[in-house]
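The file final_23.txt contains compact mmCIF, C-alpha atoms and all ligand atoms:
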```txt
# COMPACT_ATOMS: atom_id res chain seq x y z
CA MET A 118 19.78 -21.71 -16.12
CA GLY A 119 16.51 -22.53 -17.85
CA TYR A 120 13.59 -20.15 -18.14
CA ASP A 121 10.05 -20.68 -16.91
CA LEU A 122 8.58 -19.12 -20.03
CA GLU A 123 10.08 -18.24 -23.40
CA LEU A 124 8.54 -16.54 -26.40
CA ILE A 125 10.66 -16.83 -29.52
CA LYS A 126 9.67 -14.64 -32.46
CA VAL A 127 6.01 -15.21 -31.66
CA GLY A 128 3.57 -13.74 -34.17
CA LYS A 129 -0.18 -13.64 -34.59
CA VAL A 130 -2.15 -12.72 -37.68
CA TYR A 131 -5.92 -13.04 -37.26
CA ASP A 132 -8.01 -14.65 -40.01
CA ASN A 133 -9.13 -11.23 -41.21
CA GLY A 134 -5.47 -10.33 -41.85
CA THR A 135 -4.92 -8.20 -38.71
CA PRO A 136 -1.28 -8.56 -37.60
CA ALA A 137 -1.88 -8.41 -33.83
CA VAL A 138 1.55 -9.52 -32.59
CA ILE A 139 4.87 -9.31 -34.44
CA ASP A 140 8.15 -11.11 -33.54
CA PHE A 141 7.62 -11.12 -29.78
CA ASP A 142 10.77 -12.25 -27.92
CA LEU A 143 10.78 -12.69 -24.14
CA ALA A 144 12.47 -14.94 -21.57
CA VAL A 145 10.96 -15.08 -18.07
CA SER A 146 12.68 -16.55 -15.00
CA LYS A 147 10.89 -18.58 -12.33
CA GLY A 148 9.06 -16.31 -9.88
CA GLU A 149 9.26 -13.17 -11.99
CA PHE A 150 6.39 -10.72 -12.16
CA ILE A 151 6.08 -9.49 -15.73
CA ALA A 152 3.60 -6.89 -16.98
CA PHE A 153 2.53 -6.29 -20.58
CA LEU A 154 1.82 -2.57 -20.85
CA GLY A 155 0.59 -0.60 -23.83
CA PRO A 156 -2.31 1.28 -25.41
CA SER A 157 -5.55 -0.44 -26.37
CA GLY A 158 -5.14 -2.79 -29.32
CA CYS A 159 -1.35 -3.18 -29.06
CA GLY A 160 -1.58 -6.98 -28.71
CA LYS A 161 -1.30 -7.58 -24.96
CA THR A 162 -4.35 -9.82 -24.57
CA THR A 163 -3.61 -11.72 -27.77
CA THR A 164 -0.13 -12.56 -26.47
CA LEU A 165 -1.49 -13.68 -23.10
CA ARG A 166 -4.11 -15.86 -24.81
CA MET A 167 -1.43 -17.47 -26.98
CA ILE A 168 0.54 -18.35 -23.83
CA ALA A 169 -2.63 -19.78 -22.26
CA GLY A 170 -3.47 -21.73 -25.42
CA PHE A 171 -6.78 -19.97 -26.14
CA GLU A 172 -5.38 -18.50 -29.34
CA THR A 173 -3.30 -20.26 -32.01
CA ILE A 174 0.18 -19.02 -32.81
CA THR A 175 0.83 -17.94 -36.41
CA SER A 176 4.63 -18.02 -36.18
CA GLY A 177 7.39 -18.60 -33.65
CA ASP A 178 7.50 -20.80 -30.55
CA ILE A 179 6.33 -20.72 -26.95
CA LEU A 180 8.32 -22.77 -24.43
CA ILE A 181 7.46 -23.49 -20.82
CA ARG A 182 10.41 -24.82 -18.81
CA GLY A 183 12.18 -25.55 -22.07
CA ARG A 184 9.32 -27.54 -23.57
CA ARG A 185 7.64 -26.36 -26.76
CA ILE A 186 3.91 -26.07 -26.14
CA ASN A 187 2.64 -24.46 -29.37
CA GLU A 188 0.05 -27.16 -30.01
CA LEU A 189 -0.80 -28.14 -26.42
CA PRO A 190 -4.46 -27.46 -25.49
CA PRO A 191 -5.03 -24.99 -22.61
CA GLU A 192 -6.05 -27.61 -20.04
CA ARG A 193 -2.79 -29.47 -20.55
CA ARG A 194 -0.59 -26.40 -20.11
CA PRO A 195 0.86 -25.60 -16.67
CA THR A 196 -0.83 -22.21 -16.81
CA SER A 197 -3.92 -20.66 -15.26
CA MET A 198 -5.66 -17.55 -16.55
CA ILE A 199 -7.63 -14.95 -14.62
CA PHE A 200 -10.00 -12.75 -16.58
CA GLN A 201 -11.01 -9.16 -15.99
CA ASN A 202 -14.66 -10.09 -15.42
CA TYR A 203 -13.58 -13.05 -13.20
CA ALA A 204 -15.95 -15.43 -15.08
CA LEU A 205 -17.33 -16.97 -11.85
CA PHE A 206 -20.33 -19.33 -11.85
CA PRO A 207 -23.13 -17.37 -10.12
CA HIS A 208 -25.13 -20.42 -8.99
CA MET A 209 -22.19 -22.19 -7.33
CA SER A 210 -20.84 -21.47 -3.86
CA VAL A 211 -17.44 -19.83 -3.49
CA ARG A 212 -15.97 -23.17 -2.41
CA ARG A 213 -17.34 -25.00 -5.44
CA ASN A 214 -16.25 -22.22 -7.81
CA VAL A 215 -12.72 -22.56 -6.47
CA GLY A 216 -12.69 -26.36 -6.66
CA TYR A 217 -14.40 -26.66 -10.04
CA GLY A 218 -11.20 -26.92 -12.08
CA LEU A 219 -9.95 -29.80 -9.93
CA GLU A 220 -13.35 -31.48 -10.14
CA VAL A 221 -13.23 -31.35 -13.95
CA LYS A 222 -9.74 -32.81 -13.88
CA GLY A 223 -11.13 -35.74 -11.87
CA MET A 224 -8.98 -35.20 -8.80
CA PRO A 225 -10.01 -37.51 -5.91
CA ARG A 226 -12.35 -35.78 -3.50
CA ALA A 227 -10.23 -35.87 -0.34
CA GLU A 228 -7.20 -34.35 -2.08
CA ARG A 229 -9.37 -31.82 -3.86
CA GLU A 230 -11.05 -30.66 -0.67
CA ALA A 231 -7.76 -30.33 1.16
CA ARG A 232 -6.35 -28.15 -1.61
CA VAL A 233 -9.45 -25.98 -1.82
CA GLU A 234 -9.53 -25.38 1.95
CA ARG A 235 -5.85 -24.46 1.90
CA ILE A 236 -6.23 -21.86 -0.83
CA LEU A 237 -9.44 -20.46 0.72
CA GLU A 238 -7.47 -19.99 3.90
CA THR A 239 -4.55 -18.33 2.11
CA LEU A 240 -6.84 -15.82 0.43
CA ASP A 241 -8.94 -15.20 3.52
CA LEU A 242 -12.11 -16.62 1.93
CA THR A 243 -13.01 -19.33 4.44
CA ALA A 244 -15.68 -17.26 6.16
CA ILE A 245 -17.59 -16.71 2.90
CA ALA A 246 -16.93 -20.13 1.35
CA ASP A 247 -20.61 -21.14 1.38
CA GLN A 248 -21.94 -17.95 -0.19
CA LYS A 249 -22.72 -17.31 -3.86
CA PRO A 250 -20.37 -14.89 -5.67
CA ASP A 251 -23.07 -12.51 -6.91
CA ARG A 252 -23.75 -11.44 -3.32
CA LEU A 253 -20.13 -10.51 -2.74
CA SER A 254 -18.07 -7.37 -3.29
CA GLY A 255 -15.73 -6.74 -6.23
CA GLY A 256 -12.69 -7.30 -4.05
CA GLN A 257 -14.03 -10.61 -2.73
CA ARG A 258 -14.89 -11.79 -6.24
CA GLN A 259 -11.45 -10.85 -7.37
CA ARG A 260 -9.95 -13.01 -4.62
CA ILE A 261 -12.20 -15.93 -5.58
CA ALA A 262 -10.97 -15.69 -9.16
CA LEU A 263 -7.40 -15.68 -7.88
CA ALA A 264 -8.10 -18.70 -5.67
CA ARG A 265 -9.58 -20.54 -8.62
CA GLY A 266 -6.51 -19.77 -10.70
CA LEU A 267 -4.07 -20.77 -8.00
CA VAL A 268 -5.76 -23.94 -6.73
CA VAL A 269 -4.59 -25.91 -9.77
CA GLU A 270 -1.03 -25.00 -8.72
CA PRO A 271 0.04 -23.54 -12.05
CA GLU A 272 3.66 -22.84 -12.91
CA ILE A 273 2.56 -19.62 -14.52
CA LEU A 274 -0.42 -17.45 -13.64
CA LEU A 275 -1.74 -15.29 -16.47
CA LEU A 276 -3.78 -12.25 -15.43
CA ASP A 277 -5.76 -10.18 -17.94
CA GLU A 278 -6.47 -6.77 -16.35
CA PRO A 279 -7.68 -8.53 -13.21
CA LEU A 280 -8.07 -5.30 -11.24
CA GLY A 281 -9.77 -3.33 -14.02
CA ALA A 282 -13.25 -3.63 -12.51
CA LEU A 283 -12.28 -2.37 -9.06
CA ASP A 284 -12.42 1.19 -7.77
CA ALA A 285 -9.15 3.00 -7.11
CA ASN A 286 -8.86 2.34 -3.36
CA LEU A 287 -9.67 -1.33 -3.57
CA ARG A 288 -7.34 -1.63 -6.52
CA LYS A 289 -4.43 -0.32 -4.44
CA ALA A 290 -5.20 -2.70 -1.58
CA ILE A 291 -5.48 -5.72 -3.85
CA GLN A 292 -2.31 -4.75 -5.72
CA ASN A 293 -0.44 -5.11 -2.43
CA GLU A 294 -2.05 -8.45 -1.66
CA LEU A 295 -1.27 -9.71 -5.12
CA LYS A 296 2.39 -8.76 -4.86
CA ILE A 297 2.77 -10.41 -1.44
CA LEU A 298 0.97 -13.54 -2.60
CA GLN A 299 3.14 -13.80 -5.69
CA LYS A 300 6.37 -13.50 -3.72
CA THR A 301 5.16 -15.99 -1.08
CA LEU A 302 4.11 -18.61 -3.62
CA GLY A 303 7.05 -18.00 -5.94
CA ILE A 304 4.83 -18.47 -8.99
CA THR A 305 5.62 -16.68 -12.24
CA PHE A 306 3.01 -14.00 -13.00
CA VAL A 307 2.31 -12.48 -16.40
CA PHE A 308 -0.01 -9.53 -16.04
CA VAL A 309 -1.77 -7.48 -18.73
CA THR A 310 -2.63 -3.86 -17.98
CA HIS A 311 -2.97 -0.51 -19.65
CA ALA A 312 -2.54 1.26 -16.28
CA GLN A 313 1.01 2.51 -16.00
CA SER A 314 0.96 2.97 -12.23
CA GLU A 315 -0.17 -0.62 -11.75
CA ALA A 316 2.58 -2.05 -13.93
CA LEU A 317 5.17 0.12 -12.18
CA ALA A 318 3.98 -0.84 -8.69
CA LEU A 319 3.82 -4.58 -9.28
CA SER A 320 6.33 -5.75 -11.84
CA ASP A 321 9.89 -6.91 -11.79
CA ARG A 322 10.01 -6.13 -15.51
CA ILE A 323 7.63 -4.41 -17.90
CA VAL A 324 7.17 -5.24 -21.57
CA VAL A 325 6.03 -2.05 -23.33
CA MET A 326 4.10 -2.89 -26.49
CA ASN A 327 2.97 -0.73 -29.37
CA GLN A 328 1.09 -1.82 -32.50
CA GLY A 329 1.93 -5.49 -32.02
CA ARG A 330 5.63 -4.95 -31.39
CA VAL A 331 7.76 -5.01 -28.26
CA GLU A 332 9.26 -1.56 -27.75
CA GLN A 333 11.28 -2.20 -24.58
CA ILE A 334 11.61 -4.78 -21.81
CA SER A 335 13.03 -3.29 -18.60
CA PRO A 336 12.55 -2.99 -14.85
CA PRO A 337 10.23 -0.06 -14.02
CA HIS A 338 12.93 2.39 -12.94
CA VAL A 339 14.90 1.78 -16.15
CA LEU A 340 11.85 2.55 -18.28
CA TYR A 341 11.71 5.91 -16.54
CA ARG A 342 15.39 6.62 -16.52
CA ARG A 343 16.50 5.18 -19.84
CA PRO A 344 13.76 4.94 -22.46
CA GLN A 345 15.11 3.27 -25.59
CA THR A 346 12.54 4.33 -28.18
CA PRO A 347 10.54 7.47 -28.99
CA PHE A 348 7.32 5.62 -28.15
CA VAL A 349 8.50 4.67 -24.64
CA ALA A 350 9.80 8.21 -24.04
CA GLN A 351 6.39 9.64 -24.84
CA PHE A 352 4.31 6.89 -23.21
CA ILE A 353 6.09 6.47 -19.85
CA GLY A 354 6.46 9.25 -17.30
CA ARG A 355 6.49 12.94 -18.17
CA ASN A 356 9.34 13.70 -20.53
CA THR A 357 10.33 16.75 -22.53
CA ILE A 358 11.49 15.51 -25.92
CA LEU A 359 13.59 17.68 -28.24
CA ASP A 360 14.43 16.67 -31.82
CA GLY A 361 17.92 17.26 -33.13
CA ILE A 362 21.10 15.93 -34.72
CA VAL A 363 23.96 14.22 -32.86
CA ARG A 364 26.97 16.53 -33.27
CA GLU A 365 29.41 14.95 -30.82
CA ARG A 366 29.66 11.43 -29.57
CA ALA A 367 32.13 10.27 -26.91
CA GLY A 368 31.84 7.43 -24.39
CA GLU A 369 28.37 7.44 -22.94
CA ARG A 370 27.74 11.04 -23.86
CA ALA A 371 26.18 12.64 -26.91
CA VAL A 372 25.77 16.30 -27.76
CA VAL A 373 22.59 17.03 -29.70
CA GLU A 374 21.96 20.17 -31.69
CA THR A 375 18.32 21.20 -31.41
CA PRO A 376 16.45 24.34 -32.53
CA LEU A 377 16.71 25.50 -28.89
CA GLY A 378 20.47 24.96 -28.56
CA ARG A 379 23.08 22.26 -28.06
CA PHE A 380 22.51 19.88 -25.18
CA THR A 381 24.28 16.90 -23.66
CA GLY A 382 22.77 13.60 -22.55
CA HIS A 383 23.50 9.94 -21.93
CA ALA A 384 23.59 8.15 -25.29
CA VAL A 385 22.04 4.76 -25.87
CA ASN A 386 24.21 2.08 -27.47
CA GLY A 387 24.86 2.29 -31.17
CA LEU A 388 23.86 5.92 -31.57
CA ALA A 389 26.09 7.40 -34.28
CA ALA A 390 27.29 10.96 -34.82
CA GLU A 391 25.51 13.06 -37.45
CA THR A 392 22.26 11.08 -37.16
CA ARG A 393 18.82 12.31 -36.21
CA ALA A 394 18.08 11.86 -32.51
CA LYS A 395 15.77 12.81 -29.69
CA LEU A 396 16.89 14.26 -26.39
CA VAL A 397 14.63 13.01 -23.60
CA VAL A 398 14.55 14.95 -20.33
CA PRO A 399 12.38 13.59 -17.49
CA GLY A 400 10.27 16.14 -15.63
CA GLU A 401 11.97 15.17 -12.36
CA ALA A 402 15.39 16.06 -13.80
CA LEU A 403 14.47 19.70 -14.51
CA ASP A 404 15.36 22.58 -12.23
CA ALA A 405 13.93 26.05 -12.73
CA HIS A 406 15.88 29.19 -11.74
CA ARG A 407 14.64 32.79 -11.75
CA ILE A 408 16.33 34.61 -14.56
CA ASP A 409 16.98 37.80 -12.62
CA GLY A 410 19.76 37.15 -10.23
CA ALA A 411 20.65 33.82 -11.86
CA ASP A 412 24.09 33.56 -13.36
CA ARG A 413 23.45 31.87 -16.68
CA GLU A 414 27.16 31.20 -17.30
CA ALA A 415 27.56 29.53 -13.91
CA ILE A 416 24.47 27.38 -14.40
CA ALA A 417 25.60 26.43 -17.89
CA ALA A 418 29.00 25.42 -16.56
CA ARG A 419 27.47 23.37 -13.74
CA TYR A 420 25.08 21.48 -16.10
CA SER A 421 27.43 21.03 -19.10
CA GLY A 422 25.57 23.62 -21.12
CA ASN A 423 22.10 22.19 -20.47
CA VAL A 424 20.26 25.48 -19.98
CA LEU A 425 17.05 26.65 -21.65
CA THR A 426 15.11 29.86 -21.36
CA GLY A 427 11.38 29.71 -20.67
CA ALA A 428 8.47 31.79 -19.43
CA VAL A 429 6.07 30.81 -16.67
CA SER A 430 2.54 30.76 -18.08
CA ARG A 431 0.79 29.24 -15.09
CA SER A 432 1.68 28.91 -11.47
CA GLU A 433 -0.38 27.14 -8.87
CA VAL A 434 0.24 26.01 -5.33
CA VAL A 435 -1.56 22.96 -3.99
CA GLY A 436 -0.67 22.21 -0.39
CA HIS A 437 3.10 22.27 -0.23
CA LEU A 438 3.55 21.62 -3.96
CA ALA A 439 4.06 24.27 -6.61
CA HIS A 440 2.92 23.42 -10.14
CA LEU A 441 4.50 25.54 -12.85
CA THR A 442 3.72 25.56 -16.55
CA ILE A 443 6.71 26.86 -18.47
CA ASP A 444 6.53 27.75 -22.16
CA LEU A 445 9.58 27.32 -24.38
CA ALA A 446 10.52 29.33 -27.47
CA ASN A 447 9.51 26.43 -29.76
CA GLY A 448 5.92 26.48 -28.47
CA MET A 449 6.32 23.49 -26.13
CA SER A 450 4.95 23.64 -22.61
CA ILE A 451 6.59 21.92 -19.68
CA LEU A 452 4.91 21.05 -16.42
CA LEU A 453 7.16 21.31 -13.42
CA GLU A 454 6.42 20.28 -9.88
CA GLY A 455 8.38 21.12 -6.76
CA HIS A 456 8.18 22.09 -3.13
CA VAL A 457 6.94 25.66 -2.53
CA ASP A 458 10.16 26.39 -0.66
CA LYS A 459 12.00 25.77 -3.91
CA TYR A 460 9.49 27.55 -6.14
CA PRO A 461 7.88 30.25 -3.98
CA ARG A 462 4.73 31.74 -5.49
CA ASP A 463 6.08 35.29 -5.58
CA ALA A 464 9.28 34.36 -7.34
CA PHE A 465 7.67 32.24 -10.08
CA ARG A 466 4.67 34.36 -11.10
CA PRO A 467 3.09 34.06 -14.56
CA GLN A 468 5.10 35.98 -17.19
CA SER A 469 8.35 35.68 -15.25
CA GLN A 470 11.35 34.44 -17.19
CA VAL A 471 13.15 31.34 -15.97
CA LEU A 472 16.16 29.20 -16.80
CA LEU A 473 15.70 25.44 -16.91
CA SER A 474 18.65 23.14 -16.31
CA TRP A 475 19.32 19.41 -16.03
CA SER A 476 22.36 17.17 -15.54
CA PRO A 477 23.62 15.37 -18.65
CA ASP A 478 23.34 11.98 -16.94
CA GLU A 479 19.63 12.41 -16.33
CA ALA A 480 18.79 13.01 -19.99
CA THR A 481 18.83 10.22 -22.58
CA VAL A 482 19.63 10.57 -26.26
CA ILE A 483 17.86 8.02 -28.47
CA ALA A 484 17.69 7.44 -32.21
CA ALA A 485 14.81 9.33 -33.81
N1 LIG B 1 -10.60 -12.27 -32.68
C1 LIG B 1 -10.02 -11.29 -33.36
N2 LIG B 1 -10.14 -11.20 -34.71
C2 LIG B 1 -9.54 -10.20 -35.40
N3 LIG B 1 -8.79 -9.23 -34.83
C3 LIG B 1 -8.65 -9.26 -33.50
C4 LIG B 1 -9.24 -10.27 -32.68
N4 LIG B 1 -8.93 -10.02 -31.39
C5 LIG B 1 -8.16 -8.92 -31.40
N5 LIG B 1 -7.98 -8.45 -32.66
C6 LIG B 1 -7.17 -7.29 -33.07
O1 LIG B 1 -5.82 -7.56 -32.74
C7 LIG B 1 -5.18 -6.39 -32.22
C8 LIG B 1 -4.65 -6.66 -30.82
O2 LIG B 1 -5.75 -6.85 -29.93
P1 LIG B 1 -5.56 -7.21 -28.39
O3 LIG B 1 -6.90 -7.47 -27.83
O4 LIG B 1 -4.54 -8.25 -28.24
O5 LIG B 1 -4.99 -5.84 -27.84
P2 LIG B 1 -4.85 -5.34 -26.34
O6 LIG B 1 -3.53 -4.66 -26.28
O7 LIG B 1 -5.08 -6.45 -25.39
O8 LIG B 1 -5.99 -4.26 -26.23
P3 LIG B 1 -6.95 -3.89 -24.98
O9 LIG B 1 -6.09 -3.19 -23.97
O10 LIG B 1 -7.95 -2.98 -25.60
O11 LIG B 1 -7.52 -5.17 -24.47
C9 LIG B 1 -6.21 -5.29 -32.30
O12 LIG B 1 -6.01 -4.60 -33.51
C10 LIG B 1 -7.53 -6.02 -32.31
O13 LIG B 1 -8.51 -5.29 -32.98
```
Now that the file is in, can you turn its structure into C-alpha cells?
Ligand SMILES: Nc1ncnc2c1ncn2[C@@H]1O[C@H](COP(=O)(O)OP(=O)(O)OP(=O)(O)O)[C@@H](O)[C@H]1O
Amino acid sequence: MGYDLELIKVGKVYDNGTPAVIDFDLAVSKGEFIAFLGPSGCGKTTTLRMIAGFETITSGDILIRGRRINELPPERRPTSMIFQNYALFPHMSVRRNVGYGLEVKGMPRAEREARVERILETLDLTAIADQKPDRLSGGQRQRIALARGLVVEPEILLLDEPLGALDANLRKAIQNELKILQKTLGITFVFVTHAQSEALALSDRIVVMNQGRVEQISPPHVLYRRPQTPFVAQFIGRNTILDGIVRERAGERAVVETPLGRFTGHAVNGLAAETRAKLVVPGEALDAHRIDGADREAIAARYSGNVLTGAVSRSEVVGHLAHLTIDLANGMSILLEGHVDKYPRDAFRPQSQVLLSWSPDEATVIAA
C-alpha cells in the first residue's frame, strides 16, 4: 500500500547555519491525523513548512502519494496550510475569503461558487457569509480559515497551531469539530502543537520532536505507556524516572539496580545487560500503602520486588481526589493522585511513612 505522505531523511539547515531539522523519517497513511509535538524551537513549524513548500529542503526527500515533490512550488502541491493567526483578508467578506484561493487558480465561477457554498454549509458559516472577518469571534475566524484550507480539496491539510489563539473552552469545542470533520472528509491532517493534551486528544499518531530530531512516533497511549527515550519519558505524562544499571535481562523483563533498590520493568528492544538504563514508572501505575499494618514482604512478592519507601510531605483533598506528595530517600518527590476512599486524609497525613508499589509490566526500562 502506498502512503499519502513520506518524509525520507529530511533535513533543514538555515542559511545562518542553524540545523533546524535532522534526518526526519515519517510515513503517513491516507486519512491519518498526525501531530508534531515538542518544545519551542524543536523544528515542528520548519518541517510543516517544508511539506507545504514554503521552506526549501536541505537534504532528503518529501513524497506525496509516491511522487517526489522537493522542488514543486506550494501552489502546485496537493496541500493546504492553516496558520495560527488565520491570515484572513479583513476587507473581504467571509465568502470571498473562502473562495479566494479558487479565484486565484482561475476556476470557473459557477464551479467555484458551488464549492464555496458547500464548504460554508459544512462548517456552519452560511449565516455569516456576507460579514467581514474582523467583526467575528475567534472560533468563527478559525472556521473560516479551515474552510479556506479545505475548499481547494487538498490531499493533505497542514495546520500550524491553529487553535493557539483560542481560549480553553472554545479550544475544546473546536478540537471536537476538527476531529469529526477530519474523519468525515477522510483527509490526511498534519498538525503542529506544543500542547500535549491537544495532540493526545486529536491524533492517531504523535511525532515527538526534540532539538530537530524525531524522538518517537507512536499512538498517544503508547507514548504514555511505553516511552522509548529519556526525553519522551520526561516530556510526556508524569513519570518517576530512576537511573540504574541493567542487572538481569530475560524475555521482555529487565531488572535494574538503582540507588533505591532493584526493580523490574518491561524492557524495550535491544536493551543489553550491564548497561546504563532508566526505569520509568508512570504516576498512574503507583500505589501507596501505609507502612504500619502493611506487610512489606507480601507487597514485594505481589509486585515482583517493586517496593519503595517514602514519606508524605503534603496531603491535600480536592473534592473526591486526594493529592499526595511523597518524598523518596534520594531527594525526589512524587505526586500521587487517587480517590479519597483509597487515600483517606487521616491515614496519609504529612510525615507518615508509606510504601510505593507498581507492577513490572507498567514500568518501562529504556537505555540511558
Ligand atoms: N528563518 C529562519 N532562519 C534561521 N533560523 C530559523 C528560522 N526559522 C526558524 N529557525 C530556527 O530553527 C529552529 C526550529 O524552529 P521552528 O520554528 O521550526 O521550531 P518550532 O518547533 O516550530 O518552534 P515553536 O513551537 O516555537 O514555533 C529554531 O532553532 C529556530 O530558531
Taking all listed atoms of ligand LIG 1 (chain B), build the axis-aligned box, pad each of the six sides by 3 Å, then write its centre and edge lengths in Å to one decimal as JSON.
```
{"center_x": -7.1, "center_y": -7.6, "center_z": -29.7, "size_x": 13.1, "size_y": 15.3, "size_z": 17.4}
```
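Those DNA, RNA and protein residues that approach the point (-5.3, -8.8, -15.7) to within 8 Å, considering only C-alpha atoms, are Ile199, Phe200, Gln201, Leu275, Leu276, Asp277, Glu278, Pro279, Leu280, Gly281, Phe308, Val309 and Thr310 of chain A.
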Any idea what's packed within 7 Å of segment 225-232 of chain A, counting only C-alpha atoms, ignoring anything in its chain fewer than 4 positions away? Could you give it as a VMD selection string?
chain A and resid 216 219 236 268
Report the closest atom pair, with its distance in Å rounded to one decimal, for each residue of segment 246-324 of chain A that has an atom no farther than 12 Å from segment 185-196 of chain A; count all atoms listed in the file, sort by chain and then rising residue number, and write it as JSON lines.
```
{"residue": "A:Gly266", "atom": "CA", "partner": "A:Thr196", "partner_atom": "CA", "distance": 8.7}
{"residue": "A:Leu267", "atom": "CA", "partner": "A:Thr196", "partner_atom": "CA", "distance": 9.5}
{"residue": "A:Val268", "atom": "CA", "partner": "A:Thr196", "partner_atom": "CA", "distance": 11.4}
{"residue": "A:Val269", "atom": "CA", "partner": "A:Thr196", "partner_atom": "CA", "distance": 8.8}
{"residue": "A:Glu270", "atom": "CA", "partner": "A:Pro195", "partner_atom": "CA", "distance": 8.2}
{"residue": "A:Pro271", "atom": "CA", "partner": "A:Thr196", "partner_atom": "CA", "distance": 5.0}
{"residue": "A:Glu272", "atom": "CA", "partner": "A:Pro195", "partner_atom": "CA", "distance": 5.4}
{"residue": "A:Ile273", "atom": "CA", "partner": "A:Thr196", "partner_atom": "CA", "distance": 4.8}
{"residue": "A:Leu274", "atom": "CA", "partner": "A:Thr196", "partner_atom": "CA", "distance": 5.7}
{"residue": "A:Leu275", "atom": "CA", "partner": "A:Thr196", "partner_atom": "CA", "distance": 7.0}
{"residue": "A:Leu276", "atom": "CA", "partner": "A:Thr196", "partner_atom": "CA", "distance": 10.5}
{"residue": "A:Ile304", "atom": "CA", "partner": "A:Thr196", "partner_atom": "CA", "distance": 10.4}
{"residue": "A:Thr305", "atom": "CA", "partner": "A:Thr196", "partner_atom": "CA", "distance": 9.6}
{"residue": "A:Phe306", "atom": "CA", "partner": "A:Thr196", "partner_atom": "CA", "distance": 9.8}
{"residue": "A:Val307", "atom": "CA", "partner": "A:Thr196", "partner_atom": "CA", "distance": 10.2}
```
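Nearest residue to ligand LIG 1 (chain B), choosing from A:Val331, A:Leu302, A:Val233, A:Ala428 and counting all atoms listed in the file: A:Val331.
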Would you mind reading off the distance between atom CA of Glu238 of chain A and atom CA of Arg252 of chain A, one decimal, in Å?
19.8 Å
State, in Å with one decimal place, the distance from atom CA of Pro136 of chain A to atom CA of Arg166 of chain A.
15.0 Å
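Distance check against ligand LIG 1 (chain B) using only C-alpha atoms and all ligand atoms: of A:Ala137, A:Met224, A:Ala439, A:Leu283, the minimum falls on A:Ala137.
With all atoms listed in the file as the basis for measurement, A:Val325 is the residue among A:Val325, A:Ile297, A:Leu253, A:Leu319 that approaches ligand LIG 1 (chain B) most closely.
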List every protein, DNA or RNA residue that has an atom no more than 7 Å from (3.5, 18.8, -11.5) in the file's coordinate frame, counting all atoms listed in the file, and report them as a list in words.
His440, Leu441, Leu452, Leu453 and Glu454 of chain A
Set the cut-off to 6 Å, count only C-alpha atoms and all ligand atoms, and list whatever residues fall near ligand LIG 1 (chain B) as a compact mmCIF listing (two decimals) with C-alpha atoms, keeping the file's coordinate frame.
```
# COMPACT_ATOMS: atom_id res chain seq x y z
CA TYR A 131 -5.92 -13.04 -37.26
CA ASN A 133 -9.13 -11.23 -41.21
CA THR A 135 -4.92 -8.20 -38.71
CA ALA A 137 -1.88 -8.41 -33.83
CA SER A 157 -5.55 -0.44 -26.37
CA GLY A 158 -5.14 -2.79 -29.32
CA CYS A 159 -1.35 -3.18 -29.06
CA GLY A 160 -1.58 -6.98 -28.71
CA LYS A 161 -1.30 -7.58 -24.96
CA THR A 162 -4.35 -9.82 -24.57
CA THR A 163 -3.61 -11.72 -27.77
CA HIS A 311 -2.97 -0.51 -19.65
```
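Proximity of A:Pro250, A:Pro156, A:Pro477, A:Pro467 to Gln328 of chain A, computed with all atoms listed in the file, is greatest for A:Pro156.
The spacing separating atom CA of Val324 of chain A from atom CA of Arg342 of chain A amounts to 15.3 Å.
Near Val127 of chain A, within 10 Å and counting all atoms listed in the file, sit Glu123, Leu124, Ile125, Lys129, Val138, Ile139, Asp140, Phe141, Asp142, Leu143, Thr164, Met167, Ile174, Thr175, Ser176, Gly177, Asp178 and Ile179 of chain A; same-chain residues fewer than 2 positions away were not included.
Using only C-alpha atoms, the residues found no farther than 10 Å from Arg213 of chain A, other than those of its own chain fewer than 2 positions away, are Phe206, His208, Met209, Ser210, Val211, Val215, Gly216, Tyr217, Gly218, Leu219, Glu220, Glu230, Val233, Ala246, Asp247, Gln248, Lys249 and Arg265 of chain A.
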So, counting all atoms listed in the file, which residue among A:Ala402, A:Val429, A:Leu122, A:Val339 is closest to Ile353 of chain A?
A:Val339
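Closest approach to Ile245 of chain A from the set A:Arg407, A:Lys222, A:Ile323, A:Arg212 is made by A:Arg212, with distances taken over only C-alpha atoms.
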Would you pick out the contacts of Val471 of chain A at 9 Å or less, using only C-alpha atoms, so that residues sharing its chain but fewer than 4 positions from it are not included, and give the list as an MDAnalysis selection string?
chainID A and resid 405:409 411 425:429 443 465
Any chance you could export the current selection's C-alpha atoms as a short mmCIF file (atom, residue, chain, number, x, y, z; two decimals), keeping the file's coordinate frame?
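The result, written out as again38.cif:
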```cif
data_model
loop_
_atom_site.label_atom_id
_atom_site.label_comp_id
_atom_site.auth_asym_id
_atom_site.auth_seq_id
_atom_site.Cartn_x
_atom_site.Cartn_y
_atom_site.Cartn_z
CA ALA A 405 13.93 26.05 -12.73
CA HIS A 406 15.88 29.19 -11.74
CA ARG A 407 14.64 32.79 -11.75
CA ILE A 408 16.33 34.61 -14.56
CA ASP A 409 16.98 37.80 -12.62
CA ALA A 411 20.65 33.82 -11.86
CA LEU A 425 17.05 26.65 -21.65
CA THR A 426 15.11 29.86 -21.36
CA GLY A 427 11.38 29.71 -20.67
CA ALA A 428 8.47 31.79 -19.43
CA VAL A 429 6.07 30.81 -16.67
CA ILE A 443 6.71 26.86 -18.47
CA PHE A 465 7.67 32.24 -10.08
#
```
With a distance cut-off of 10 Å and all atoms listed in the file, select the neighbouring residues of Ala282 of chain A, excluding the residue or stretch itself and same-chain residues fewer than 5 positions from it, and output the selection as an MDAnalysis selection string.
chainID A and resid 201:203 255:256 259 287:288
